[in-house]
Amino acid sequence: MGAEVGVLVAAFGYLALLFVIAAWGDRRAEQGRSVIASPLVYTLSIAVYCTAWTFYGSVGRAAEAGPSFLLIYLGPTLAMLSGPLIIRKMIRIARAQRITSIADFISARYGKSSRLGALVALIALIGITPYIALQLKAITVSHAVLMDYPAAPGGPTSAAGFLSDKSFWVALVLAVFIMLFGTRHLDASERHEGMVAAIAVESLVKLIAFLTVGLFTVFVLFEGPVDLFTRAASQPQLQNALSLSAVPGGALGWVSTLLLAFLAFFTLPRQFQVLVVENVDERHLTRASWLFPLYLLVINLMVIPIALAGLLLMGSGGDPDSFVLTLPLSAGREGLSLFVFIGGLSAATGMVIVETIALSTMVSNQLVMPLLLRTTKRYQGLHSDLSAWLLGIRRGAIALILMMGYLYHALIGDSYSLVTIGLVSFAAVSQFAPALLLGLYWRGACGLGAGLGMLAGIAVWSYTLLLPGFAQSGWLPLSFLEEGLFGQAWLRPYALFGLDGLDIYSHSLLWSLMANIGVLVGLSLFTRQSHLEQTQAALFADALTEGVDTPPLWQGQTTRGALHDLLRRYLGAAATARVLAKADAPNHHHRIEASTAYGIGSAESGMEESASPQLIARAEQALAGALGSASARLLITSVVRGEALDMEAVLSILDTTSQALEYNRRLEQKSRELARIGEELRDANERLRELDRLKDEFVAMVSHELRTPLTSIRAFAEILRDSQDMPEAKRTQFLEVVVLESQRLSRLIEEMLDLARLESGRLTLHPQPLEMVALTRQSLAAVQHPIEERGVKLKAIIDLDEAWVIGDSDRLEQVIINLIDNAAKFAADASPVVLLRLEHHQGHVRLSLEDNGLGIASEDRERVFEKFHQLEQHSTASGQSRGRPRGSGLGLPISRGIVVQLGGRLWVEDATTLSGANLIMELPDAPQDKVMPVTETPSQPNG
Amino acid sequence: MLKPRRAQRLVALVILAALLFTPPLILLADKSVDGGLSWLAAYLFVSWALVIGLAAWLLERVPED
């Protein structure tokens with residue numbers, strides 16, 4: 001009996017500690033120094049996900065179904081990793097619309113429908129009750145194990161009457177505790193900061209307790225993990241304990257359990273409460289996205305060792321759900337067992353506290369309030385100051401929920417293991433997922449579809465999971481399970497339509513989600529949404545788009561006095577004053593001025609003034625925080641006269657906003673394109689101008705070049721005509737000049753024609769195998785004499801015997817002569833030297849012409865190939881040139897054109913041997929087979 | 001708001017995690033050495049830790065853009 005007292009003292013002491021922490025958290029929140037404003041506390045509060053089911057049930061499931069217990073945590077890992085994308089959106093919406101529960105969220109999404117809210121609340125109530133029962137059972141059983149060990153805990157407890165049933169008292173104590181704990185505030189819409197702080201502490205306690213018993217098992221009962229696993233591996237019956245074959249449903253069961261846990265994480269009312277409603281700062285979500293999975297990983301590390309140890313030490317006789325307790329007990333460690341019991345207690349109470357608060361909010365806001373508002377004649381029938389009423393309703397709901405949990409536990413609970421009950425609940429709340437998640441992203445999802453979809457889903461769930469549970473508890477004939485309803489085999493609950501071979505959860509999830517999503521999507525595609533629904537759908541779907549905000553909705557008429565009365569009735573005087581004052585501050589300066597003129601007490605003054613749309617919207621939000629969005633809307637419409645909401649206008653505002661954003665984006669894109677095109681146009685214009693300028697220069701130069709010889713011809717011809725008595729020698733000299741200049745003129749014209757043909761691609765060459773050594777020598781011979789006459793020393797180094805290329809001999813000779821001529825021009829003024837070299841170079845025949853001149857600056861090297869380009873500065877700098885014949889400035893461009901057309905290159909480099917420039921021509925070697933038929937050496941050099 | 005690139009990386013990570021946690025990849029790990037225990041659980045813990053590590057790295061470092 002002493003032990004009994006000790007356990008009770010520890011348990012109540014722990015609850016009292018929680019209460020103190022909660023009270024402390026609340027007081028800090030009132031002082032504005034929140035203790036929960038950190039990502040770590042947020043993460044720990046999310047860990048309310050780990051309930052007694054984790055604490056006791058994971059080991060049980062690991063012992064029976066291998067690693068599949070991990071799926072319950074891998075699903076939330078996936079969900080939490082996508083938190084910055086999905087949950088952030090939910091937080092944003094919940095904050096903007098003052099949403100307080102998942103029922104409220106779904107109801108608000110589908111046009112603030114009170115029926116939908118009620119449906120969600122009802123399903124949650126039905127689905128979660130077994131889950132709460134599970135926690136009660138865990139507390140009772142763990143207490144019994146602690147007390148009665150080594151005897152097995154007592155059998156079914158219902159027979160002795162509830163007064164002697166410990167779980168009844170547990171439920172009662174918890175109910176009182178939660179009432180004190182969660183509904184201390186009169187302003188029910190505030191967050192429960194104290195509760196969150198207490199939950200965070202509980203999460204730490206259960207983590208440490210579980211790790212402690214794990215370490216104890218591995219290092220005290222066994223000699224480390226190696227010892228444990230080798231001993232487990234040596235047991236033949238444990239051979240498959242950790243493989244997929246131990247998982248019910250195999251691979252398909254694996255995937256569907258993962259999906260189940262993923263969906264349930266979003267839709268469990270307590271997870272919605274801590275994830276969304278109690279979130280202080282949405283930035284906390286980022287760290288929690290990986291920190292919470294880490295928590296899950298750590299708390300699961302010890303599950304498998306404990307399960308294996310339990311199977312090894314306890315044999316098949318012990319209940320795997322209690323291994324966590326019985327292992328230390330069997331070693332006689334009562335202190336540790338008590339700590340473990342406290343850990344399990346904190347896991348169970350944490351869940352019950354948050355879940356019950358979340359459910360009671362739903363019950364009061366979605367079920368009771370709408371009913372009250374409808375049955376009493378609008379709001380007039382109710383007494384003033386309903387805020388106390390509201391708290392009363394919540395407290396009643398808390399008691400009701402816990403008693404339902406107790407009844408479920410007492411009547412049915414014993415026929416299931418912990419995990420089984422948990423999964424049944426998961427499958428029930430998963431029915432919210434299609435309406436919730438589709439509604440977040442698909443504007444077209446409609447309320448009717450969501451409601452009927454959830455109904456269909458929950459009906460299938462009841463038939464495939466809930467009723468079979470009743471049957472197994474003896475409430476329904478077992479033949480219902482084995483032979484199906486009315487003896488119809490295709491109606492068997494675990495093999496609907498004959499679908500066999502799945503585990504019962506996969507089976508139920510498959511059919512229920514199929515029905516749910518099918519109805520939701522099907523109806524959404526074939527019905528019209530109301531305007532309010534469209535607005536809400538747009539606000540939800542675009543919640544993360546900047547610039548899409550809740551517009552002022554109310555267009556109707558009411559007075560501030562009416563609003564004030566309404567708010568005071570439901571929220572109390574203090575909260576009402578806050579709402580009205582805050583609404584005044586930013587928007588109504590003129591009103592404040594007016595009221596200050598009347599003296600202090602702005603809330604009382606101006607009661608007959610009409611309320612602005614912003615004020616009405618604000619009042620609705622405040623009411624929504626306390627009563628749920630559907631009831632809030634109902635109440636506001638009861639005091640606002642005339643056209644309540646101009647939904648068309650709202651929708652068009654929304655659409656305009658998003659369209660404007662879209663247009664803006666497109667415009668920016670267009671203008672960027674235009675800027676780019678403009679840039680290109682400017683460049684093209686620049687090039688055109690340059691070409692135009694070049695053309696003008698070209699014409700000027702051509703006419704200049706033509707005029708020079710023409711002028712001298714004309715001058716000499718006139719002299720000859722006018723002076724008949726000119727001596728014969730003089731006359732001959734003049735005629736010689738005329739002939740020379742005419743030749744120069746015709747050569748110039750010939751070159752210009754060549755150039756024109758080259759540029760237009762009409763210059764016809766006659767390429768044929770050609771021997772370069774002979775051609776070079778021939779060209780040298782042709783040019784040697786006139787060059788040396790000009791005082792230029794011409795040297796040639798030809799080391800080859802023969803060098804075959806493909807070329808046009810006439811044209812190539814023209815090129816070689818032109819190159820020698822130009823090299824002579826580039827050479828130094830005093831003792832000019834030109835060095836010709838013919839050699840093989842990497843598959844090419846290379847002809848280079850070096851001179852000993854000043855060289856050509858690298859930036860000018862390409863310009864010498866421009867038409868009419870002359871290196872003027874060089875000759876003017878040295879004063880008078882040595883009387884070399886001026887070139888036309890067309891030789892090099894033509895040469896390059898010819899060489900390029902023959903597949904070769906022509907360029908200028910620094911000379912290697914001499915000091916000046918080096919003109920280089922390269923032509924590719926002729927293919928071997930073309931070399932053999934030796935052609936005639938070039939016939940006649942054309943004049 | 002997440003930067004678009006970070007959001008894309010996060011989506012890729014979630015997909016990677018989903019692949020690591022489901023058949024057929026887990027079937028690769030569902031083997032035992034010398035008729036002992038299956039490696040499946042060990043594989044799950046390791047890939048789980050890997051995913052958490054990647055998520056922490058992705059979400060905690062200072063955004064470069």
# chains A, B, ... in the order shown; residues from 1 in each chain; ligands from 1

call {"tool": "interface_residues", "arguments": {"of": "chain A", "to": "chain B", "cutoff": "9 Å", "atoms": "only C-alpha atoms", "output": "MDAnalysis selection string"}}
result
chainID A and resid 66:67 70:71 74:75 77:79 81:82 84:85 88 229:230 232:236 238:244 251:252 254:255 258 286:287 289:291 293:294 297 301 304 544

call {"tool": "write_last_selection", "arguments": {"atoms": "N, CA and C atoms", "output": "CSV table (one decimal), in the first residue's frame"}}
result
chain,number,residue,atom,x,y,z
A,66,GLY,N,7.5,-5.9,-36.5
A,66,GLY,CA,8.7,-5.4,-37.0
A,66,GLY,C,8.9,-3.9,-37.2
A,67,PRO,N,9.6,-3.5,-38.2
A,67,PRO,CA,9.9,-2.1,-38.2
A,67,PRO,C,8.8,-1.2,-38.7
A,70,LEU,N,7.9,2.3,-37.3
A,70,LEU,CA,8.6,3.5,-37.7
A,70,LEU,C,7.8,4.4,-38.7
A,71,LEU,N,6.9,3.7,-39.4
A,71,LEU,CA,6.1,4.4,-40.4
A,71,LEU,C,5.3,5.6,-39.7
A,74,LEU,N,7.8,8.2,-39.7
A,74,LEU,CA,8.4,8.6,-41.0
A,74,LEU,C,7.3,9.5,-41.8
A,75,GLY,N,6.1,9.1,-41.6
A,75,GLY,CA,5.0,10.0,-42.3
A,75,GLY,C,5.1,11.4,-41.8
A,77,THR,N,7.6,12.9,-40.5
A,77,THR,CA,8.8,13.4,-41.0
A,77,THR,C,8.6,14.1,-42.4
A,78,LEU,N,8.0,13.3,-43.2
A,78,LEU,CA,7.7,13.9,-44.6
A,78,LEU,C,6.8,15.1,-44.5
A,79,ALA,N,5.8,15.0,-43.6
A,79,ALA,CA,4.9,16.1,-43.5
A,79,ALA,C,5.6,17.4,-43.0
A,81,LEU,N,8.8,18.0,-43.1
A,81,LEU,CA,9.8,18.5,-44.1
A,81,LEU,C,9.1,19.5,-45.1
A,82,SER,N,7.9,19.1,-45.4
A,82,SER,CA,7.2,20.0,-46.4
A,82,SER,C,6.4,21.1,-45.6
A,84,PRO,N,7.5,24.0,-44.4
A,84,PRO,CA,7.7,25.4,-44.8
A,84,PRO,C,6.8,25.7,-46.1
A,85,LEU,N,6.3,24.7,-46.7
A,85,LEU,CA,5.5,24.9,-47.9
A,85,LEU,C,4.0,24.9,-47.5
A,88,ARG,N,3.1,26.4,-43.4
A,88,ARG,CA,3.2,27.9,-43.4
A,88,ARG,C,2.0,28.5,-44.0
A,229,PHE,N,22.1,-7.6,-29.9
A,229,PHE,CA,21.7,-8.0,-31.2
A,229,PHE,C,22.2,-9.4,-31.6
A,230,THR,N,23.4,-9.8,-31.1
A,230,THR,CA,23.8,-11.2,-31.3
A,230,THR,C,22.9,-12.2,-30.7
A,232,ALA,N,19.8,-11.8,-29.9
A,232,ALA,CA,18.5,-11.8,-30.6
A,232,ALA,C,18.7,-12.6,-31.9
A,233,ALA,N,19.8,-12.4,-32.6
A,233,ALA,CA,20.0,-13.0,-33.9
A,233,ALA,C,20.1,-14.5,-33.8
A,234,SER,N,20.5,-15.0,-32.6
A,234,SER,CA,20.7,-16.4,-32.4
A,234,SER,C,19.3,-17.1,-32.1
A,235,GLN,N,18.3,-16.3,-31.9
A,235,GLN,CA,17.0,-16.9,-31.6
A,235,GLN,C,16.2,-17.2,-32.9
A,236,PRO,N,15.9,-18.4,-33.2
A,236,PRO,CA,15.3,-18.6,-34.5
A,236,PRO,C,13.9,-17.9,-34.7
A,238,LEU,N,13.1,-15.1,-33.7
A,238,LEU,CA,13.2,-13.7,-33.9
A,238,LEU,C,13.9,-13.4,-35.3
A,239,GLN,N,14.1,-14.5,-36.0
A,239,GLN,CA,14.8,-14.3,-37.3
A,239,GLN,C,14.2,-13.2,-38.2
A,240,ASN,N,12.9,-13.3,-38.3
A,240,ASN,CA,12.3,-12.4,-39.2
A,240,ASN,C,11.7,-11.1,-38.5
A,241,ALA,N,12.0,-11.0,-37.2
A,241,ALA,CA,11.3,-9.9,-36.4
A,241,ALA,C,11.5,-8.6,-37.0
A,242,LEU,N,12.6,-8.3,-37.7
A,242,LEU,CA,12.9,-7.0,-38.2
A,242,LEU,C,12.7,-6.8,-39.7
A,243,SER,N,12.2,-7.8,-40.3
A,243,SER,CA,12.2,-7.7,-41.8
A,243,SER,C,10.8,-7.3,-42.2
A,244,LEU,N,10.7,-7.0,-43.5
A,244,LEU,CA,9.4,-6.5,-44.1
A,244,LEU,C,8.4,-7.6,-44.0
A,251,ALA,N,4.6,-4.9,-48.6
A,251,ALA,CA,5.0,-3.6,-49.2
A,251,ALA,C,3.8,-2.6,-49.4
A,252,LEU,N,2.7,-3.1,-49.8
A,252,LEU,CA,1.5,-2.2,-50.0
A,252,LEU,C,1.1,-1.6,-48.6
A,254,TRP,N,2.9,-1.2,-46.1
A,254,TRP,CA,3.9,-0.3,-45.7
A,254,TRP,C,3.6,1.1,-46.3
A,255,VAL,N,3.4,1.2,-47.6
A,255,VAL,CA,3.2,2.5,-48.2
A,255,VAL,C,1.9,3.1,-47.7
A,258,LEU,N,2.4,4.6,-44.2
A,258,LEU,CA,3.2,5.8,-44.3
A,258,LEU,C,2.2,7.0,-44.8
A,286,THR,N,10.6,27.0,-39.7
A,286,THR,CA,11.7,26.5,-40.5
A,286,THR,C,12.6,25.6,-39.7
A,287,ARG,N,12.9,26.0,-38.5
A,287,ARG,CA,13.8,25.1,-37.7
A,287,ARG,C,13.1,23.8,-37.3
A,289,SER,N,11.0,22.2,-38.8
A,289,SER,CA,10.9,21.3,-39.9
A,289,SER,C,11.9,20.2,-39.9
A,290,TRP,N,13.1,20.5,-39.3
A,290,TRP,CA,14.1,19.4,-39.2
A,290,TRP,C,14.3,18.9,-37.8
A,291,LEU,N,14.0,19.9,-36.8
A,291,LEU,CA,14.2,19.5,-35.4
A,291,LEU,C,13.2,18.5,-34.9
A,293,PRO,N,11.5,16.1,-36.8
A,293,PRO,CA,11.9,14.8,-37.2
A,293,PRO,C,13.1,14.2,-36.4
A,294,LEU,N,14.0,15.1,-36.0
A,294,LEU,CA,15.1,14.6,-35.2
A,294,LEU,C,14.6,14.1,-33.8
A,297,LEU,N,13.3,10.8,-34.4
A,297,LEU,CA,14.3,9.8,-34.6
A,297,LEU,C,14.9,9.4,-33.3
A,301,LEU,N,14.9,5.6,-31.3
A,301,LEU,CA,16.2,4.8,-31.3
A,301,LEU,C,16.1,3.6,-30.5
A,304,ILE,N,13.6,-0.6,-30.8
A,304,ILE,CA,13.9,-2.0,-31.2
A,304,ILE,C,14.7,-2.7,-30.1
A,544,LEU,N,-0.4,32.8,-49.8
A,544,LEU,CA,1.0,33.1,-49.8
A,544,LEU,C,1.4,34.2,-50.8

call {"tool": "select_by_dssp", "arguments": {"residues": "segment 220-312 of chain A", "states": "helix (DSSP H, G or I)", "output": "ChimeraX atom specification"}}
result
/A:220-221,224-233,236-238,244-246,250-267,269-277,284-300,303-312

call {"tool": "closest_residue", "arguments": {"among": "A:Pro269, A:Gly392, A:Gly903, A:Gly843", "to": "Asp925 of chain A", "atoms": "only C-alpha atoms"}}
result
A:Gly843

call {"tool": "closest_residue", "arguments": {"among": "A:Ala309, A:Met454, A:Ala828, A:Leu763", "to": "Leu116 of chain A", "atoms": "only C-alpha atoms"}}
result
A:Met454
